[in-house]
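Enquirer: Starting off with a structure, shown below.
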Amino acid sequence: MFFGLIQLKKNQKRRLHSGLIALAVCLLSFWIFQSDGFRVIENWSDDFKASLFRDELKASEDVVVLMIDEASLSAMDPVVGRWPWPRSVWADVIEYMAMAEAQAVVFDILFTETHLEADGSISHHDLALVEMSAQTDFVTHAMQILEDPHNPYADRPLPEGFAQKYRVEDIQGLAPSNNNTFYIPFNPLRDHSHRMAVVEFAPDPDGVYRSTRLFRDYQGDFYPVLSMSALLDRLAIKQITFEPRQVKLDDLVVPLNRQGNYAVNFYGEFESYAVSSVLASVAALRQGDLEALYTDPRLLAPDTFANKLVLIGTSAVGLEDLKNTPVDSRWPGVFLHAAIASNILMQDFIYQVPETLVWLTIFFISLIVLLTALRFSSLVGQLVLPSFLLAGLVALSLWLFAQYHIQFDLIPGLFSGAMTWLMLTAYFAATEGREKQRVRAMLSQYVSPAALTEVLDNYEDQLNAQVGKEEEMSIVFSDVRGFTSISEKLSAQEVVKLLNIHLEEVTQITFDNKGTVDKFIGDASMAFWGAPLKDDEHAYNATVTALQMTRAMPKVNATLVAEGLQKIDVGVGVNTGRVVLGNIGSSQKLDYTIIGDAVNLGSRVEGLTKEYHLPVLISEFTWAQVKERIVCMPVDRVRVKGKNEPVLLLCPLAIGDKDETDDIEQAKAIADQVWSAHNAYHLKDFALAKQMYSSLPEKYNGFKQLFIERCDAYITTPPAEDWDGVFTLTHK
């Protein structure tokens with residue numbers, strides 16, 4: 001009975017502590033959700049749903065997009081020249097749309113600058129656009145309203161009469177923002193438009209365009225975004241009222257997200273035509289060839305645009321209006337406005353669930369995970385039901401979006417469920433696995449903690465390693481320069497002390513950058529990245545390690561001098577490639593190591609640091625994976641002994657995002673200079689290459705002298721016609 005009471009108290013304590021952990025996770029999840037901490041990951045989830053279910057849907061047929069695409073630029077180049085086109089071109093487009101009886105023509109193009117004739121008067125092309133805009137009552141031109149704290153001309157008033165003509169009246173409940181800058185069409189175009197609309201469309205913090213405000217304000221007046229301007233007449237909107245989570249356009253209720261923005265419901269297909277087709281139709285019409293408008297597939301009949309909302313924008317890459325969206329990373333910006341217009345015309349909206357429902361989801365998922373963990377003692381039993389629960393939550397979120405366009409917040413529930421399970425698992429391991437922990441502590445005296453975890457938790461991989469497996473990894477070789485001559489001057493004890501001081505620093509740097517020390521070979525060391533623990537950045541971490549090894553030499557030498565020993569210097573080589581990983585050796589002695597051509601090449605690269613008088617060299621295979629993050633200069637294309645294919649060697653100069661002491665700009669300048677010299681050298685312009693190499697800083701004297709001598713030799717005796725610039729090594 002006594003032991004039963006003890007067990008009862010133990011279970012009560014276990015349930016109490018588990019309940020407190022689950023409650024803490026709930027409160028943490030509530031706080032993160034309320035502070036918008038899940039927003040970035042939730043956006044990625046929403047992006048996936050949009051790309052999955054919206055990519056093949058078609059926008060409203062009442063919305064037509066005229067696209068300035070690559071074909072239009074090519075077609076118009078011999079007619080009016082390169083972009084930007086004369087603005088009389090757009091007058092022709094407006095005239096054609098008037099004849100076609102389009103309901104609205106909306107430009108997603110800013111006409112802010114005036115083009116002048118030689119006598120200083122407004123260009124006749126600009127006047128043609130002004131006159132045609134004035135003659136019609138359906139043209140909307142673009143403006144920008146934005147917040148720019150660095151603008152010296154901030155908070156300027158709009159031109160007289162502009163607000164009275166173009167602002168939206170009868171708009172209620174919309175709070176003003178801090179906009180202080182505007183860009184509007186040139187005068188007199190700004191006075192002769194039917195409407196004026198805002199084209200500025202800000203991305204989310206991760207650079208993806210998902211939502212916008214439907215109206216923008218400036219000095220107390222509100223102006224529609226491009227899509228809304230096309231709808232004001234179409235829907236004959238009289239009153240606009242903003243309420244929490246929605247805006248009413250007369251009787252039409254348009255939902256807003258929690259930030260008060262309109263979430264775009266994307267489409268994969270739009271009624272879209274090239275502007276060049278319209279201009280070709282204008283040309284045919286002026287030539288009197290009316291029949292061609294209906295028979296020639298390259299032309300567009302006027303009834304194509306009858307009673308349509310026509311949005312004009314760009315999709316050509318060089319015109320820089322491609323946006324990163326959930327359905328396409330290079331979406332024409334005008335499609336965003338076309339999608340919003342289609343959403344409202346078709347009442348095809350995205351709805352976010354109430355916050356209360358998210359809170360309840362967090363609570364119930366944590367509760368179910370808690371009850372499951374208390375009910376089952378095995379890890380598998382504790383994991384099965386929560387896994388099905390979270391999978392069901394994902395399925396529910398996908399179904400609600402696919403069927404009803406409801407954005408059900410997925411990440412808070414997943415986070416609360418996963419975090420509750422992890423915290424409870426950690427608690428159970430800490431309180432009920434003490435014996436197992438003691439065994440781990442005992443074994444860790446003989447093997448590294450990382451290797452121990454790999455053996456115990458991933459035994460399948462270890463069995464694969466027993467027979468060997470192929471992996472892509474990065475290898476670092478380092479070697480003390482001139483160690484033989486140094487060791488001849490020292491006693492055996494001093495040699496050991498010197499090596500221990502040096503290799504201690506090498507080991508620590510390797511461990512700090514997630515590397516595995518393979519072996520020490522006298523004064524040399526070999527390390528690799530990518531096993532036993534996976535490392536997707538193995539090339540980067542290996543290169544960082546190589547640079548840090550050389551930068552640690554002043555510290556190592558200070559210690560050596562303090563011990564009465566001689567200073568040393570090192571050379572470090574890095575290579576990346578496919579290797580064979582396994583436990584290699586005999587039944588009496590096994591080494592967890594790697595073999596293969598990539599390992600041999602890494603050793604050769606290290607040996608070449610002496611040849612080129614540089615502390616660190618990396619192969620082109622490593623450089624391919626680090627060039628976006630580490631500044632490197634080219635060294636030479638070499639054919640090492642034992643290999644037929646040449647390899648480009650490079651020298652890393654600056655880590656950038658790893659070491660704040662790097663002078664990135666100086667490193668980039670040196671790298672650019674050496675790249676230019678390298679290219680001149682391979683183009684056989686040896687005089688130019690010599691000049692560029694000669695101007696390198698003193699720290700590269702050995703390297704630059706090598707190439708100066710090569711250039712001099714080739715200037716005196718030019719290489720053969722089939723010379724490929726590769727230097728062939730005859731020694732290891």
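Order determines the names: the first chain of the structure tokens is A, the second B, and so forth; residues in each chain are numbered 1 upward, and ligands are numbered 1 upward as they are shown.
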Can you pull out every residue from range 492-631 of chain A that DSSP, working from the backbone, puts in strand (DSSP E), and format the result as a ChimeraX atom specification?
Expert: /A:516-521,524-529,570-585,590-595,616-619,631
Enquirer: Which residues, written as a short mmCIF file (atom, residue, chain, number, x, y, z; two decimals) with N, CA and C atoms, in the first residue's frame, have at least one atom at most 7 Å from Ser342 in chain A, with only C-alpha atoms counted and residues fewer than 5 positions away on the same chain left out?
Expert:
```
data_model
loop_
_atom_site.label_atom_id
_atom_site.label_comp_id
_atom_site.auth_asym_id
_atom_site.auth_seq_id
_atom_site.Cartn_x
_atom_site.Cartn_y
_atom_site.Cartn_z
N ALA A 59 -9.67 34.24 -64.73
CA ALA A 59 -10.24 35.48 -64.22
C ALA A 59 -11.50 35.85 -65.00
N SER A 60 -12.18 36.90 -64.55
CA SER A 60 -13.42 37.34 -65.18
C SER A 60 -13.19 37.71 -66.65
N VAL A 63 -12.77 41.42 -67.64
CA VAL A 63 -11.50 42.11 -67.40
C VAL A 63 -10.51 41.66 -68.47
#
```
Enquirer: Please tabulate, as CSV, the residues of range 13-117 of chain A that come within 8 Å of range 224-238 of chain A, each with its closest pair of atoms and the distance in Å to one decimal, counting only C-alpha atoms and ordering rows by chain, then residue number upward.
Expert:
```
residue,atom,partner,partner_atom,distance
A:Gln103,CA,A:Arg234,CA,7.5
A:Ala104,CA,A:Ala230,CA,6.1
A:Val105,CA,A:Ala230,CA,7.7
A:Val106,CA,A:Ala230,CA,6.8
A:Asp108,CA,A:Leu226,CA,7.4
```
Enquirer: Return as a tab-separated table the residues of range 457-516 of chain A lying at most 12 Å from range 612-622 of chain A, together with the closest atom-to-atom pair for each and the distance in Å to one decimal, counting only C-alpha atoms, with rows in chain order and ascending residue number.
Expert:
```
residue	atom	partner	partner_atom	distance
A:Glu472	CA	A:Phe621	CA	10.9
A:Met473	CA	A:Thr622	CA	9.7
A:Ser474	CA	A:Thr622	CA	7.5
A:Ile475	CA	A:Thr622	CA	9.5
A:Val476	CA	A:Ile618	CA	9.1
A:Phe477	CA	A:Val616	CA	10.0
A:Ser478	CA	A:Val616	CA	9.1
A:Asp479	CA	A:Pro615	CA	10.3
A:Val480	CA	A:Pro615	CA	10.7
A:Arg481	CA	A:Pro615	CA	9.9
```
Enquirer: Print the selection's residues with C-alpha atoms to a file, as a short mmCIF file (atom, residue, chain, number, x, y, z; two decimals), in the first residue's frame.
Expert:
```
data_model
loop_
_atom_site.label_atom_id
_atom_site.label_comp_id
_atom_site.auth_asym_id
_atom_site.auth_seq_id
_atom_site.Cartn_x
_atom_site.Cartn_y
_atom_site.Cartn_z
CA GLU A 472 28.47 14.71 -51.47
CA MET A 473 30.76 16.26 -48.88
CA SER A 474 33.39 18.95 -48.45
CA ILE A 475 36.94 18.18 -47.35
CA VAL A 476 39.53 20.44 -45.75
CA PHE A 477 43.26 19.65 -45.66
CA SER A 478 45.67 21.81 -43.68
CA ASP A 479 49.43 21.57 -43.39
CA VAL A 480 52.17 23.45 -41.55
CA ARG A 481 54.49 25.11 -44.06
#
```
Enquirer: Would you mind telling me which residue in A:Val496, A:Ala531, A:Val353, A:Ile584 lies nearest to Asn257 in chain A when using only C-alpha atoms?
Expert: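 Nearest candidate to Asn257 in chain A out of A:Val496, A:Ala531, A:Val353, A:Ile584: A:Val353.
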Enquirer: Restricting the calculation to only C-alpha atoms, which member of A:Val394, A:Ser329, A:Leu367, A:Leu299 is positioned closest to Gly417 in chain A?
Expert: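 Among A:Val394, A:Ser329, A:Leu367, A:Leu299, it is A:Leu367 that comes nearest to Gly417 in chain A.
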Enquirer: List every residue of range 13-68 of chain A that has an atom at most 12 Å from any atom of range 191-208 of chain A, and for each one report the closest atom pair and its distance in Å to one decimal, counting only C-alpha atoms, with rows sorted by chain and then by increasing residue number, as a Markdown table.
Expert:
```
| residue | atom | partner | partner_atom | distance |
| --- | --- | --- | --- | --- |
| A:Arg39 | CA | A:Pro205 | CA | 9.9 |
| A:Val40 | CA | A:Asp206 | CA | 7.3 |
| A:Ile41 | CA | A:Asp206 | CA | 10.1 |
| A:Glu42 | CA | A:Asp206 | CA | 11.8 |
| A:Asn43 | CA | A:Val208 | CA | 9.1 |
| A:Trp44 | CA | A:Val208 | CA | 9.6 |
| A:Asp46 | CA | A:Val208 | CA | 11.6 |
| A:Asp47 | CA | A:Val208 | CA | 9.3 |
```
Enquirer: Give me, as a list in words, all polymer residues having an atom no more than 10 Å from range 113-125 of chain A, counting only C-alpha atoms and skipping those fewer than 3 positions away in the same chain.
Expert: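 Close residues of range 113-125 of chain A: Trp85, Pro86, Arg87, Ser88, Val89, Trp90, Ala91, Leu110, Ala128, Leu129, Val130, Tyr183, Ile184, Pro185, Phe186, Asn187, Pro188 and Leu189 of chain A.
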Enquirer: Could the residues in this selection be written to a file with C-alpha atoms, as a PDB file, in the first residue's frame?
Expert:
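Resulting contents of part.pdb:
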```pdb
ATOM      1  CA  TRP A  85       7.311  54.466 -77.022  1.00  0.00           C
ATOM      2  CA  PRO A  86       6.034  57.872 -78.136  1.00  0.00           C
ATOM      3  CA  ARG A  87       2.865  58.630 -76.185  1.00  0.00           C
ATOM      4  CA  SER A  88       0.870  59.108 -79.357  1.00  0.00           C
ATOM      5  CA  VAL A  89       0.916  55.289 -79.505  1.00  0.00           C
ATOM      6  CA  TRP A  90      -1.301  55.256 -76.430  1.00  0.00           C
ATOM      7  CA  ALA A  91      -3.571  57.849 -78.007  1.00  0.00           C
ATOM      8  CA  LEU A 110       3.280  56.166 -65.039  1.00  0.00           C
ATOM      9  CA  ALA A 128      -1.925  63.480 -78.653  1.00  0.00           C
ATOM     10  CA  LEU A 129      -2.270  61.427 -75.450  1.00  0.00           C
ATOM     11  CA  VAL A 130      -3.666  64.439 -73.574  1.00  0.00           C
ATOM     12  CA  TYR A 183       4.023  61.170 -58.274  1.00  0.00           C
ATOM     13  CA  ILE A 184       1.308  62.195 -60.730  1.00  0.00           C
ATOM     14  CA  PRO A 185       1.067  62.485 -64.523  1.00  0.00           C
ATOM     15  CA  PHE A 186       2.613  65.448 -66.280  1.00  0.00           C
ATOM     16  CA  ASN A 187       0.663  68.639 -66.820  1.00  0.00           C
ATOM     17  CA  PRO A 188      -1.709  68.863 -68.708  1.00  0.00           C
ATOM     18  CA  LEU A 189      -2.400  65.081 -68.735  1.00  0.00           C
TER      19      LEU A 189
END
```
Enquirer: Using only C-alpha atoms, which residues sit within 12 Å of Ser366 in chain A once same-chain residues fewer than 6 positions away are excluded, as a short mmCIF file (atom, residue, chain, number, x, y, z; two decimals) with C-alpha atoms, in the first residue's frame?
Expert:
```cif
data_model
loop_
_atom_site.label_atom_id
_atom_site.label_comp_id
_atom_site.auth_asym_id
_atom_site.auth_seq_id
_atom_site.Cartn_x
_atom_site.Cartn_y
_atom_site.Cartn_z
CA SER A 18 2.34 17.66 -17.99
CA GLY A 19 -0.78 19.81 -17.74
CA LEU A 20 1.30 22.85 -16.81
CA ILE A 21 3.59 22.22 -19.80
CA ALA A 22 0.62 21.97 -22.17
CA LEU A 23 -0.90 25.14 -20.70
CA ALA A 24 2.42 26.97 -21.09
CA VAL A 25 2.59 25.92 -24.73
CA CYS A 26 -0.98 27.14 -25.28
CA LEU A 27 -0.19 30.53 -23.75
CA LEU A 28 3.01 30.78 -25.81
CA SER A 29 1.07 29.91 -28.99
CA PHE A 30 -1.62 32.50 -28.14
CA TRP A 359 -7.49 30.13 -30.16
CA LEU A 360 -9.85 27.17 -29.75
CA THR A 372 -2.47 11.00 -25.65
CA ALA A 373 0.95 11.43 -24.02
CA PRO A 386 -1.09 13.57 -32.70
CA LEU A 389 -4.58 14.96 -35.73
CA LEU A 390 -2.10 17.37 -37.31
CA PRO A 412 -0.69 28.01 -34.81
CA GLY A 413 -2.36 24.61 -34.42
CA LEU A 414 0.61 22.74 -35.86
CA PHE A 415 2.96 24.69 -33.62
CA SER A 416 0.95 24.08 -30.45
CA GLY A 417 0.57 20.37 -31.21
CA ALA A 418 4.20 19.81 -32.15
CA MET A 419 5.56 21.95 -29.32
CA THR A 420 3.34 20.25 -26.74
CA TRP A 421 4.53 16.84 -27.92
CA LEU A 422 8.18 17.92 -27.94
CA MET A 423 8.03 19.50 -24.49
CA LEU A 424 6.24 16.50 -22.98
#
```
Enquirer: List every residue of range 491-645 of chain A that DSSP, applied to the backbone, labels as helix (DSSP H, G or I), and write the result as a PyMOL selection string.
Expert: chain A and resi 492-512+538-551+553-562+597-612+620-626
Enquirer: What does the file look like for those residues with C-alpha atoms, as a short mmCIF file (atom, residue, chain, number, x, y, z; two decimals), in the first residue's frame?
Expert:
```
data_model
loop_
_atom_site.label_atom_id
_atom_site.label_comp_id
_atom_site.auth_asym_id
_atom_site.auth_seq_id
_atom_site.Cartn_x
_atom_site.Cartn_y
_atom_site.Cartn_z
CA ALA A 492 60.97 15.75 -29.52
CA GLN A 493 59.08 17.27 -26.58
CA GLU A 494 59.01 20.68 -28.26
CA VAL A 495 57.73 19.20 -31.52
CA VAL A 496 54.85 17.51 -29.66
CA LYS A 497 54.05 20.71 -27.75
CA LEU A 498 54.04 22.78 -30.96
CA LEU A 499 51.75 20.32 -32.75
CA ASN A 500 49.36 20.09 -29.81
CA ILE A 501 49.01 23.87 -29.59
CA HIS A 502 48.37 24.15 -33.34
CA LEU A 503 46.07 21.14 -33.71
CA GLU A 504 44.03 22.11 -30.65
CA GLU A 505 43.06 25.34 -32.44
CA VAL A 506 42.43 23.48 -35.73
CA THR A 507 40.13 21.00 -33.95
CA GLN A 508 38.16 23.68 -32.12
CA ILE A 509 37.58 25.70 -35.30
CA THR A 510 36.44 22.53 -37.09
CA PHE A 511 33.99 21.64 -34.31
CA ASP A 512 32.68 25.21 -34.14
CA HIS A 538 28.90 21.81 -45.97
CA ALA A 539 30.80 23.74 -48.66
CA TYR A 540 30.19 27.06 -46.94
CA ASN A 541 31.11 25.78 -43.47
CA ALA A 542 34.26 24.12 -44.81
CA THR A 543 35.38 27.33 -46.55
CA VAL A 544 34.68 29.38 -43.43
CA THR A 545 36.75 26.89 -41.43
CA ALA A 546 39.66 27.20 -43.87
CA LEU A 547 39.67 30.99 -43.61
CA GLN A 548 39.37 30.92 -39.84
CA MET A 549 42.28 28.49 -39.56
CA THR A 550 44.59 30.96 -41.31
CA ARG A 551 43.18 33.90 -39.36
CA MET A 553 47.60 31.88 -36.79
CA PRO A 554 48.45 35.14 -34.94
CA LYS A 555 46.78 33.70 -31.83
CA VAL A 556 48.55 30.33 -32.25
CA ASN A 557 51.91 32.01 -32.85
CA ALA A 558 51.49 34.21 -29.79
CA THR A 559 51.03 31.06 -27.71
CA LEU A 560 54.02 29.38 -29.37
CA VAL A 561 56.27 32.38 -28.74
CA ALA A 562 55.13 32.48 -25.12
CA ASP A 597 38.89 11.25 -56.09
CA ALA A 598 37.36 14.28 -54.34
CA VAL A 599 39.52 13.53 -51.29
CA ASN A 600 42.64 13.21 -53.42
CA LEU A 601 41.87 16.48 -55.19
CA GLY A 602 41.40 18.22 -51.84
CA SER A 603 44.89 17.11 -50.83
CA ARG A 604 46.29 18.38 -54.14
CA VAL A 605 44.55 21.74 -53.65
CA GLU A 606 46.18 22.14 -50.24
CA GLY A 607 49.60 21.34 -51.70
CA LEU A 608 49.15 24.07 -54.32
CA THR A 609 48.92 26.81 -51.68
CA LYS A 610 52.73 26.78 -51.62
CA GLU A 611 52.89 26.94 -55.43
CA TYR A 612 50.72 30.06 -55.55
CA GLU A 620 35.67 25.33 -58.46
CA PHE A 621 33.31 22.66 -57.08
CA THR A 622 33.35 24.28 -53.66
CA TRP A 623 33.15 27.76 -55.15
CA ALA A 624 29.98 26.86 -57.05
CA GLN A 625 28.19 26.45 -53.71
CA VAL A 626 29.66 29.44 -51.82
#
```
